[in-house]
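Take a look at the structure below.
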Amino acid sequence: MKKIWPFLTFLLCLFPALKTNAWTYGEFISCDGLNPRPKITFKTSYGELIHDLSTPQKEIQAKSSNTPEKGFFTAGLATLKTASSVWLKSVQIHKLDENHTCIMPKEIEISFMYKDPVIYVASEYDHNSCQFSQILRHEQTHQRINKLTLEYFLPLIYKTIKKTIKEVRSVKVPSPAYAQEGMKLLQKYYTIKLTPIIREYEKARLAEQKKLDNLTNYTMENELCEEFNRKHPERAVFKKGVKPLG
């Protein structure tokens with residue numbers, strides 16, 4: 001009996017410290033374990049293509065980010081904007097205890113799309129000329145490449161975002177009052193994870209465009225129209241009163 005007392009005394013001294021440093025229920029619970037699979041809505045669009053035939057060549061050249069090959073000038077252009085976003089449409093708030101709350105997305109909307117696609121053909125060209133048709137076809141091919149590249153990458157983007165959301169479906173915050181901070185953290189995480197695949201998409205799109213924009217292709221297209229013009233001298237290249245470009 002005498003041997004037990006020192007041990008009991010030690011336990012009584014230790015108990016207040018254990019009580020003070022005891023972990024709470026919320027620290028042991030994983031928010032990911034509580035969260036059901038969130039609904040994912042994926043939106044995309046190619047935008048409404050506009051043909052601009054009223055802009056002068058010099059203005060089109062100024063809009064282009066590429067330097068023309070020697071001996072050529074920019075008489076046509078295909079432009080667009082790429083837009084992407086991650087939006088937490090609704091969340092579920094689950095309070096674990098006084099110091100721990102789970103913020104769990106219920107519905108997430110992902111969008112990846114084109115905006116404002118435009119095809120420019122210099123206003124100086126006669127619409128019945130070979131050059132006008134050739135430039136128009138060339139720029140339409142550029143927009144076609146944009147569309148096909150997007151179609152190829154959409155499944156990869158969707159797969160990436162689904163995997164990311166499955167890995168991190170929720171976050172833990174101190175209380176329901178921090179719900180907005182939790183939502184921002186989730187949204188930031190999803191966006192960061194999506195960024196690398198979007199960069200790969202942009203690299204692939206530009207690489208495909210370069211296959212069309214090169215000296216060999218420019219020369220071939222130019223020679224085709226020169227041959228056509230020799231056979232059809234009655235067909236004007238430029239509109240009446242417009243001087244040759246260059």
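A note on labels: chains of the structure tokens are A, B, ... as shown, every chain counts residues from 1, and ligands are counted from 1 in their shown order.
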- Task: Excluding Arg199 of chain A and residues on its chain fewer than 4 positions from it, collect all residues at most 12 Å away from it, counting only C-alpha atoms, and give them as a PyMOL selection string.
- Result: chain A and resi 82+84+153+157+192-195+203-206
Take the residues just selected and output them with all heavy atoms as a short mmCIF file (atom, residue, chain, number, x, y, z; two decimals), in the first residue's frame.
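Once everything was written out, this is selection.cif:
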```cif
data_model
loop_
_atom_site.label_atom_id
_atom_site.label_comp_id
_atom_site.auth_asym_id
_atom_site.auth_seq_id
_atom_site.Cartn_x
_atom_site.Cartn_y
_atom_site.Cartn_z
N THR A 82 -8.62 33.85 -74.19
CA THR A 82 -8.90 32.63 -73.43
C THR A 82 -9.30 33.02 -72.01
O THR A 82 -8.62 33.81 -71.37
CB THR A 82 -7.67 31.71 -73.38
OG1 THR A 82 -7.27 31.40 -74.72
CG2 THR A 82 -7.98 30.42 -72.66
N SER A 84 -10.67 31.48 -68.18
CA SER A 84 -10.89 30.32 -67.31
C SER A 84 -11.20 30.80 -65.90
O SER A 84 -10.73 31.85 -65.48
CB SER A 84 -9.65 29.41 -67.30
OG SER A 84 -8.53 30.11 -66.79
N PHE A 153 -7.98 19.51 -75.44
CA PHE A 153 -7.58 19.72 -74.05
C PHE A 153 -8.74 19.70 -73.06
O PHE A 153 -8.50 19.53 -71.86
CB PHE A 153 -6.80 21.03 -73.92
CG PHE A 153 -5.32 20.86 -74.10
CD1 PHE A 153 -4.76 20.88 -75.37
CD2 PHE A 153 -4.48 20.66 -73.02
CE1 PHE A 153 -3.40 20.71 -75.56
CE2 PHE A 153 -3.11 20.50 -73.19
CZ PHE A 153 -2.57 20.53 -74.47
N ILE A 157 -8.39 18.89 -69.06
CA ILE A 157 -8.66 19.91 -68.04
C ILE A 157 -9.70 19.40 -67.05
O ILE A 157 -9.55 19.55 -65.83
CB ILE A 157 -9.13 21.21 -68.71
CG1 ILE A 157 -8.00 21.83 -69.53
CG2 ILE A 157 -9.63 22.22 -67.67
CD1 ILE A 157 -8.41 22.98 -70.41
N ILE A 192 -4.68 27.06 -58.67
CA ILE A 192 -3.24 26.75 -58.77
C ILE A 192 -3.02 25.41 -59.44
O ILE A 192 -2.13 25.25 -60.29
CB ILE A 192 -2.58 26.78 -57.38
CG1 ILE A 192 -2.51 28.22 -56.85
CG2 ILE A 192 -1.19 26.15 -57.41
CD1 ILE A 192 -2.04 28.33 -55.42
N LYS A 193 -3.83 24.43 -59.10
CA LYS A 193 -3.69 23.09 -59.67
C LYS A 193 -4.08 23.07 -61.15
O LYS A 193 -3.57 22.25 -61.93
CB LYS A 193 -4.56 22.10 -58.90
CG LYS A 193 -3.98 21.69 -57.56
CD LYS A 193 -2.73 20.85 -57.75
CE LYS A 193 -2.20 20.30 -56.45
NZ LYS A 193 -1.00 19.45 -56.65
N LEU A 194 -4.98 23.96 -61.55
CA LEU A 194 -5.45 24.01 -62.93
C LEU A 194 -4.46 24.75 -63.83
O LEU A 194 -4.40 24.51 -65.04
CB LEU A 194 -6.81 24.69 -62.98
CG LEU A 194 -7.63 24.57 -64.27
CD1 LEU A 194 -7.90 23.11 -64.60
CD2 LEU A 194 -8.94 25.33 -64.12
N THR A 195 -3.66 25.64 -63.25
CA THR A 195 -2.76 26.50 -64.03
C THR A 195 -1.77 25.73 -64.93
O THR A 195 -1.60 26.08 -66.10
CB THR A 195 -1.99 27.44 -63.09
OG1 THR A 195 -2.94 28.29 -62.42
CG2 THR A 195 -1.01 28.31 -63.87
N LYS A 203 0.81 26.41 -74.85
CA LYS A 203 2.01 26.03 -75.59
C LYS A 203 1.64 25.19 -76.81
O LYS A 203 2.18 25.38 -77.90
CB LYS A 203 2.96 25.24 -74.67
CG LYS A 203 3.70 26.10 -73.66
CD LYS A 203 4.43 25.25 -72.64
CE LYS A 203 5.45 24.33 -73.26
NZ LYS A 203 6.18 23.53 -72.24
N ALA A 204 0.72 24.25 -76.63
CA ALA A 204 0.30 23.39 -77.74
C ALA A 204 -0.42 24.19 -78.81
O ALA A 204 -0.20 23.97 -80.01
CB ALA A 204 -0.61 22.27 -77.21
N ARG A 205 -1.26 25.13 -78.40
CA ARG A 205 -2.00 25.94 -79.37
C ARG A 205 -1.05 26.78 -80.22
O ARG A 205 -1.17 26.85 -81.44
CB ARG A 205 -3.00 26.84 -78.64
CG ARG A 205 -3.91 27.63 -79.56
CD ARG A 205 -4.93 28.43 -78.76
NE ARG A 205 -4.32 29.54 -78.06
CZ ARG A 205 -4.13 30.74 -78.60
NH1 ARG A 205 -4.48 30.98 -79.86
NH2 ARG A 205 -3.59 31.72 -77.89
N LEU A 206 -0.08 27.42 -79.58
CA LEU A 206 0.89 28.24 -80.31
C LEU A 206 1.76 27.40 -81.23
O LEU A 206 2.12 27.83 -82.34
CB LEU A 206 1.75 29.02 -79.32
CG LEU A 206 1.02 30.10 -78.51
CD1 LEU A 206 1.96 30.73 -77.49
CD2 LEU A 206 0.43 31.17 -79.42
#
```
Show me, as a compact mmCIF listing (two decimals) with N, CA, C and O atoms, in the first residue's frame, the residues that have an atom within 12 Å of segment 235-243 of chain A when counting only C-alpha atoms, minus same-chain residues fewer than 4 positions from it.
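Written file, around18.txt:
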```txt
# COMPACT_ATOMS: atom_id res chain seq x y z
N PRO A 56 -8.05 48.67 -91.94
CA PRO A 56 -6.91 48.81 -92.86
C PRO A 56 -5.73 47.93 -92.46
O PRO A 56 -5.57 47.57 -91.29
N GLN A 57 -4.89 47.63 -93.43
CA GLN A 57 -3.76 46.75 -93.20
C GLN A 57 -2.83 47.25 -92.10
O GLN A 57 -2.36 46.46 -91.27
N ALA A 122 -7.59 42.69 -94.39
CA ALA A 122 -7.34 44.10 -94.70
C ALA A 122 -8.40 44.66 -95.65
O ALA A 122 -8.75 44.03 -96.66
N SER A 123 -8.90 45.83 -95.31
CA SER A 123 -10.01 46.44 -96.05
C SER A 123 -9.63 46.85 -97.46
O SER A 123 -10.50 47.10 -98.30
N GLU A 124 -8.33 46.93 -97.76
CA GLU A 124 -7.87 47.38 -99.08
C GLU A 124 -8.17 46.36 -100.20
O GLU A 124 -8.27 46.73 -101.36
N TYR A 125 -8.32 45.08 -99.84
CA TYR A 125 -8.46 44.05 -100.87
C TYR A 125 -9.87 44.00 -101.46
O TYR A 125 -10.87 44.10 -100.75
N ASP A 126 -9.91 43.81 -102.77
CA ASP A 126 -11.17 43.57 -103.45
C ASP A 126 -11.69 42.20 -103.02
O ASP A 126 -10.93 41.23 -102.98
N HIS A 127 -12.97 42.11 -102.72
CA HIS A 127 -13.53 40.86 -102.19
C HIS A 127 -13.57 39.75 -103.23
O HIS A 127 -13.80 38.58 -102.89
N ASN A 128 -13.38 40.09 -104.49
CA ASN A 128 -13.35 39.08 -105.55
C ASN A 128 -11.93 38.65 -105.92
O ASN A 128 -11.74 37.84 -106.83
N SER A 129 -10.95 39.18 -105.21
CA SER A 129 -9.56 38.88 -105.53
C SER A 129 -9.12 37.56 -104.91
O SER A 129 -9.69 37.07 -103.93
N CYS A 130 -8.06 36.99 -105.52
CA CYS A 130 -7.47 35.76 -104.97
C CYS A 130 -6.90 36.03 -103.59
O CYS A 130 -7.03 35.21 -102.68
N GLN A 131 -6.26 37.18 -103.43
CA GLN A 131 -5.63 37.51 -102.14
C GLN A 131 -6.65 37.56 -101.01
O GLN A 131 -6.40 37.08 -99.91
N PHE A 132 -7.81 38.16 -101.30
CA PHE A 132 -8.84 38.24 -100.27
C PHE A 132 -9.28 36.83 -99.85
O PHE A 132 -9.36 36.53 -98.65
N SER A 133 -9.53 35.98 -100.81
CA SER A 133 -9.97 34.60 -100.51
C SER A 133 -8.89 33.83 -99.77
O SER A 133 -9.18 33.08 -98.82
N GLN A 134 -7.64 34.02 -100.21
CA GLN A 134 -6.54 33.30 -99.60
C GLN A 134 -6.32 33.73 -98.14
O GLN A 134 -6.13 32.89 -97.26
N CYS A 225 -1.52 32.83 -105.66
CA CYS A 225 -2.28 34.01 -106.07
C CYS A 225 -1.59 34.75 -107.23
O CYS A 225 -2.28 35.29 -108.10
N GLU A 226 -0.28 34.75 -107.23
CA GLU A 226 0.43 35.39 -108.33
C GLU A 226 0.14 34.67 -109.65
O GLU A 226 -0.06 35.31 -110.70
N PHE A 228 -2.58 32.90 -110.26
CA PHE A 228 -3.99 33.17 -110.58
C PHE A 228 -4.13 34.55 -111.23
O PHE A 228 -4.87 34.72 -112.22
N ASN A 229 -3.44 35.53 -110.68
CA ASN A 229 -3.53 36.90 -111.20
C ASN A 229 -2.97 37.01 -112.62
O ASN A 229 -3.48 37.80 -113.43
N ARG A 230 -1.94 36.22 -112.94
CA ARG A 230 -1.40 36.24 -114.30
C ARG A 230 -2.41 35.69 -115.30
O ARG A 230 -2.52 36.16 -116.44
N LYS A 231 -3.16 34.70 -114.87
CA LYS A 231 -4.16 34.08 -115.75
C LYS A 231 -5.44 34.90 -115.82
O LYS A 231 -6.22 34.75 -116.77
```
- Message: Which residues are near Gly76 of chain A? Cut-off 9 Å, only C-alpha atoms, ignore same chain within fewer than 3 positions. Put them as a ChimeraX atom specification.
- Response: /A:57,60-61,119-122,135-136,138-139
- Message: Env of His100 of chain A: 12 Å cut, atoms = only C-alpha atoms, seq-sep filter 4 positions within chain, self excluded. Answer as a ChimeraX atom specification.
- Response: /A:23-31,93-96,171-179,182
Selection file, N, CA and C atoms, as a PDB file, in the first residue's frame:
```pdb
ATOM      1  N   TRP A  23      -6.327  17.289 -26.393  1.00  0.00           N
ATOM      2  CA  TRP A  23      -6.780  17.604 -27.743  1.00  0.00           C
ATOM      3  C   TRP A  23      -8.298  17.577 -27.780  1.00  0.00           C
ATOM      4  N   THR A  24      -8.861  18.449 -28.604  1.00  0.00           N
ATOM      5  CA  THR A  24     -10.314  18.489 -28.719  1.00  0.00           C
ATOM      6  C   THR A  24     -10.793  17.558 -29.823  1.00  0.00           C
ATOM      7  N   TYR A  25     -12.080  17.319 -29.871  1.00  0.00           N
ATOM      8  CA  TYR A  25     -12.709  16.414 -30.837  1.00  0.00           C
ATOM      9  C   TYR A  25     -12.393  16.850 -32.274  1.00  0.00           C
ATOM     10  N   GLY A  26     -12.478  18.157 -32.510  1.00  0.00           N
ATOM     11  CA  GLY A  26     -12.290  18.673 -33.864  1.00  0.00           C
ATOM     12  C   GLY A  26     -10.916  18.456 -34.427  1.00  0.00           C
ATOM     13  N   GLU A  27      -9.908  18.338 -33.575  1.00  0.00           N
ATOM     14  CA  GLU A  27      -8.544  18.136 -34.053  1.00  0.00           C
ATOM     15  C   GLU A  27      -8.330  16.736 -34.610  1.00  0.00           C
ATOM     16  N   PHE A  28      -9.163  15.777 -34.174  1.00  0.00           N
ATOM     17  CA  PHE A  28      -9.013  14.399 -34.624  1.00  0.00           C
ATOM     18  C   PHE A  28      -9.818  14.102 -35.888  1.00  0.00           C
ATOM     19  N   ILE A  29     -10.811  14.929 -36.187  1.00  0.00           N
ATOM     20  CA  ILE A  29     -11.716  14.656 -37.298  1.00  0.00           C
ATOM     21  C   ILE A  29     -11.216  15.304 -38.593  1.00  0.00           C
ATOM     22  N   SER A  30     -11.181  14.528 -39.659  1.00  0.00           N
ATOM     23  CA  SER A  30     -10.792  15.043 -40.973  1.00  0.00           C
ATOM     24  C   SER A  30     -12.025  15.565 -41.699  1.00  0.00           C
ATOM     25  N   CYS A  31     -11.943  16.784 -42.174  1.00  0.00           N
ATOM     26  CA  CYS A  31     -13.073  17.336 -42.922  1.00  0.00           C
ATOM     27  C   CYS A  31     -13.306  16.571 -44.228  1.00  0.00           C
ATOM     28  N   ILE A  93     -21.378  23.984 -44.445  1.00  0.00           N
ATOM     29  CA  ILE A  93     -20.628  24.325 -43.236  1.00  0.00           C
ATOM     30  C   ILE A  93     -20.964  23.323 -42.138  1.00  0.00           C
ATOM     31  N   HIS A  94     -19.949  22.645 -41.632  1.00  0.00           N
ATOM     32  CA  HIS A  94     -20.145  21.624 -40.597  1.00  0.00           C
ATOM     33  C   HIS A  94     -19.276  21.962 -39.391  1.00  0.00           C
ATOM     34  N   LYS A  95     -19.900  22.346 -38.306  1.00  0.00           N
ATOM     35  CA  LYS A  95     -19.170  22.717 -37.096  1.00  0.00           C
ATOM     36  C   LYS A  95     -18.834  21.467 -36.291  1.00  0.00           C
ATOM     37  N   LEU A  96     -17.529  21.264 -36.027  1.00  0.00           N
ATOM     38  CA  LEU A  96     -17.082  20.099 -35.261  1.00  0.00           C
ATOM     39  C   LEU A  96     -17.116  20.386 -33.767  1.00  0.00           C
ATOM     40  N   VAL A 171     -11.780  22.276 -46.300  1.00  0.00           N
ATOM     41  CA  VAL A 171     -10.754  22.842 -45.423  1.00  0.00           C
ATOM     42  C   VAL A 171     -11.336  23.036 -44.034  1.00  0.00           C
ATOM     43  N   LYS A 172     -10.440  23.106 -43.066  1.00  0.00           N
ATOM     44  CA  LYS A 172     -10.850  23.292 -41.675  1.00  0.00           C
ATOM     45  C   LYS A 172     -10.524  24.723 -41.249  1.00  0.00           C
ATOM     46  N   VAL A 173     -11.500  25.407 -40.681  1.00  0.00           N
ATOM     47  CA  VAL A 173     -11.338  26.774 -40.198  1.00  0.00           C
ATOM     48  C   VAL A 173     -11.764  26.839 -38.733  1.00  0.00           C
ATOM     49  N   PRO A 174     -11.414  27.932 -38.024  1.00  0.00           N
ATOM     50  CA  PRO A 174     -11.732  28.013 -36.584  1.00  0.00           C
ATOM     51  C   PRO A 174     -13.226  27.994 -36.268  1.00  0.00           C
ATOM     52  N   SER A 175     -14.050  28.648 -37.120  1.00  0.00           N
ATOM     53  CA  SER A 175     -15.473  28.752 -36.822  1.00  0.00           C
ATOM     54  C   SER A 175     -16.244  29.080 -38.103  1.00  0.00           C
ATOM     55  N   PRO A 176     -17.589  28.977 -38.070  1.00  0.00           N
ATOM     56  CA  PRO A 176     -18.381  29.326 -39.254  1.00  0.00           C
ATOM     57  C   PRO A 176     -18.153  30.757 -39.741  1.00  0.00           C
ATOM     58  N   ALA A 177     -17.704  31.626 -38.857  1.00  0.00           N
ATOM     59  CA  ALA A 177     -17.447  33.014 -39.242  1.00  0.00           C
ATOM     60  C   ALA A 177     -16.318  33.120 -40.273  1.00  0.00           C
ATOM     61  N   TYR A 178     -15.505  32.070 -40.381  1.00  0.00           N
ATOM     62  CA  TYR A 178     -14.389  32.060 -41.323  1.00  0.00           C
ATOM     63  C   TYR A 178     -14.739  31.332 -42.625  1.00  0.00           C
ATOM     64  N   ALA A 179     -16.021  31.171 -42.904  1.00  0.00           N
ATOM     65  CA  ALA A 179     -16.451  30.435 -44.088  1.00  0.00           C
ATOM     66  C   ALA A 179     -15.915  31.049 -45.380  1.00  0.00           C
ATOM     67  N   GLY A 182     -12.348  30.228 -45.904  1.00  0.00           N
ATOM     68  CA  GLY A 182     -12.208  28.833 -46.321  1.00  0.00           C
ATOM     69  C   GLY A 182     -12.527  28.652 -47.792  1.00  0.00           C
TER      70      GLY A 182
END
```
- Residue nearest Phe73 of chain A among A:Ser90, A:Asn222, A:Gln143, A:Thr164 (counting only C-alpha atoms):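 Between A:Ser90, A:Asn222, A:Gln143, A:Thr164, the residue approaching Phe73 of chain A most closely is A:Asn222.
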How would you write, as a PDB file with C-alpha atoms, in the first residue's frame, the set of residues in segment 73-155 of chain A that DSSP gives as helix (DSSP H, G or I)?
```pdb
ATOM      1  CA  CYS A 130      -7.471  35.762-104.973  1.00  0.00           C
ATOM      2  CA  GLN A 131      -5.634  37.509-102.144  1.00  0.00           C
ATOM      3  CA  PHE A 132      -8.841  38.239-100.268  1.00  0.00           C
ATOM      4  CA  SER A 133      -9.974  34.605-100.510  1.00  0.00           C
ATOM      5  CA  GLN A 134      -6.539  33.298 -99.597  1.00  0.00           C
ATOM      6  CA  ILE A 135      -6.181  35.553 -96.532  1.00  0.00           C
ATOM      7  CA  LEU A 136      -9.709  34.740 -95.370  1.00  0.00           C
ATOM      8  CA  ARG A 137      -9.075  30.992 -95.711  1.00  0.00           C
ATOM      9  CA  HIS A 138      -5.731  31.297 -93.910  1.00  0.00           C
ATOM     10  CA  GLU A 139      -7.269  33.092 -90.912  1.00  0.00           C
ATOM     11  CA  GLN A 140     -10.222  30.696 -90.808  1.00  0.00           C
ATOM     12  CA  THR A 141      -7.700  27.873 -90.557  1.00  0.00           C
ATOM     13  CA  HIS A 142      -6.110  29.620 -87.567  1.00  0.00           C
ATOM     14  CA  GLN A 143      -9.474  29.747 -85.802  1.00  0.00           C
ATOM     15  CA  ARG A 144     -10.102  26.120 -86.731  1.00  0.00           C
ATOM     16  CA  ILE A 145      -6.797  25.185 -85.092  1.00  0.00           C
ATOM     17  CA  ASN A 146      -7.863  27.095 -81.956  1.00  0.00           C
ATOM     18  CA  LYS A 147     -11.123  25.160 -81.847  1.00  0.00           C
ATOM     19  CA  LEU A 148      -9.496  21.749 -82.350  1.00  0.00           C
ATOM     20  CA  THR A 149      -6.843  22.457 -79.703  1.00  0.00           C
ATOM     21  CA  LEU A 150      -9.518  23.409 -77.186  1.00  0.00           C
ATOM     22  CA  GLU A 151     -11.514  20.267 -78.007  1.00  0.00           C
ATOM     23  CA  TYR A 152      -8.419  18.144 -77.411  1.00  0.00           C
ATOM     24  CA  PHE A 153      -7.577  19.715 -74.051  1.00  0.00           C
ATOM     25  CA  LEU A 154     -11.082  19.940 -72.551  1.00  0.00           C
ATOM     26  CA  PRO A 155     -11.129  16.290 -71.337  1.00  0.00           C
TER      27      PRO A 155
END
```
- Between atom CA of Thr160 of chain A and atom CA of Thr44 of chain A, what is the spacing in Å?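 So the answer is 15.5 Å.
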- Message: Taking only C-alpha atoms into account, name the residue in A:Ile40, A:Val91, A:Ile165, A:Ala75 that is nearest to Ser111 of chain A.
- Response: A:Ile40
- Message: Excluding Lys106 of chain A and its own-chain neighbours fewer than 6 positions away, which residues fall within 9 Å of it when counting only C-alpha atoms? Please give them as a PyMOL selection string.
- Response: chain A and resi 35-40+88-92
Export N, CA and C atoms of the chosen residues as a PDB file, in the first residue's frame?
```
ATOM      1  N   ASN A  35     -16.979  14.939 -46.043  1.00  0.00           N
ATOM      2  CA  ASN A  35     -17.517  15.624 -47.210  1.00  0.00           C
ATOM      3  C   ASN A  35     -18.010  14.670 -48.291  1.00  0.00           C
ATOM      4  N   PRO A  36     -19.260  14.833 -48.734  1.00  0.00           N
ATOM      5  CA  PRO A  36     -19.743  14.056 -49.879  1.00  0.00           C
ATOM      6  C   PRO A  36     -19.109  14.589 -51.152  1.00  0.00           C
ATOM      7  N   ARG A  37     -19.236  13.855 -52.242  1.00  0.00           N
ATOM      8  CA  ARG A  37     -18.658  14.295 -53.503  1.00  0.00           C
ATOM      9  C   ARG A  37     -19.371  15.557 -53.985  1.00  0.00           C
ATOM     10  N   PRO A  38     -18.640  16.638 -54.192  1.00  0.00           N
ATOM     11  CA  PRO A  38     -19.294  17.858 -54.667  1.00  0.00           C
ATOM     12  C   PRO A  38     -19.716  17.727 -56.122  1.00  0.00           C
ATOM     13  N   LYS A  39     -20.747  18.427 -56.489  1.00  0.00           N
ATOM     14  CA  LYS A  39     -21.207  18.447 -57.881  1.00  0.00           C
ATOM     15  C   LYS A  39     -20.296  19.376 -58.677  1.00  0.00           C
ATOM     16  N   ILE A  40     -19.826  18.891 -59.827  1.00  0.00           N
ATOM     17  CA  ILE A  40     -18.924  19.687 -60.669  1.00  0.00           C
ATOM     18  C   ILE A  40     -19.622  20.008 -61.980  1.00  0.00           C
ATOM     19  N   LEU A  88     -16.870  28.510 -56.622  1.00  0.00           N
ATOM     20  CA  LEU A  88     -17.602  27.706 -55.639  1.00  0.00           C
ATOM     21  C   LEU A  88     -19.014  28.269 -55.519  1.00  0.00           C
ATOM     22  N   LYS A  89     -19.974  27.635 -56.161  1.00  0.00           N
ATOM     23  CA  LYS A  89     -21.338  28.146 -56.194  1.00  0.00           C
ATOM     24  C   LYS A  89     -22.024  28.011 -54.840  1.00  0.00           C
ATOM     25  N   SER A  90     -21.757  26.913 -54.137  1.00  0.00           N
ATOM     26  CA  SER A  90     -22.365  26.719 -52.819  1.00  0.00           C
ATOM     27  C   SER A  90     -21.467  25.827 -51.971  1.00  0.00           C
ATOM     28  N   VAL A  91     -21.524  26.025 -50.652  1.00  0.00           N
ATOM     29  CA  VAL A  91     -20.714  25.229 -49.731  1.00  0.00           C
ATOM     30  C   VAL A  91     -21.573  24.714 -48.580  1.00  0.00           C
ATOM     31  N   GLN A  92     -21.040  23.713 -47.904  1.00  0.00           N
ATOM     32  CA  GLN A  92     -21.678  23.166 -46.710  1.00  0.00           C
ATOM     33  C   GLN A  92     -20.785  23.481 -45.516  1.00  0.00           C
TER      34      GLN A  92
END
```
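Of the residues under consideration (A:Lys166, A:Glu48, A:Ser85, A:Met113), A:Ser85 shows the shortest atom-to-atom contact distance to Lys188 of chain A when counting only C-alpha atoms.
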- Quick one: distance from atom CA of Pro196 of chain A to atom CA of Ile161 of chain A in Å, one decimal? 11.3 Å
- For the atom pair atom CA of Arg169 of chain A and atom CA of Met104 of chain A, what is the interatomic distance in Å to one decimal place? 6.4 Å
- Item | Counting only C-alpha atoms, the residue of A:Glu167, A:Glu227, A:Asp213, A:Asp116 that sits nearest Ser45 of chain A | A:Asp116
- Note on the structure: Restricting to only C-alpha atoms, whichever of A:Asn66, A:Cys102, A:Tyr46, A:Ser54 is closest to Lys81 of chain A is A:Tyr46
- Selected residue, from A:Phe72, A:Asp32, A:Phe112, A:Ala207, that lies nearest to Glu221 of chain A when counting only C-alpha atoms: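 Of A:Phe72, A:Asp32, A:Phe112, A:Ala207, the one nearest Glu221 of chain A is A:Phe72, counting only C-alpha atoms.
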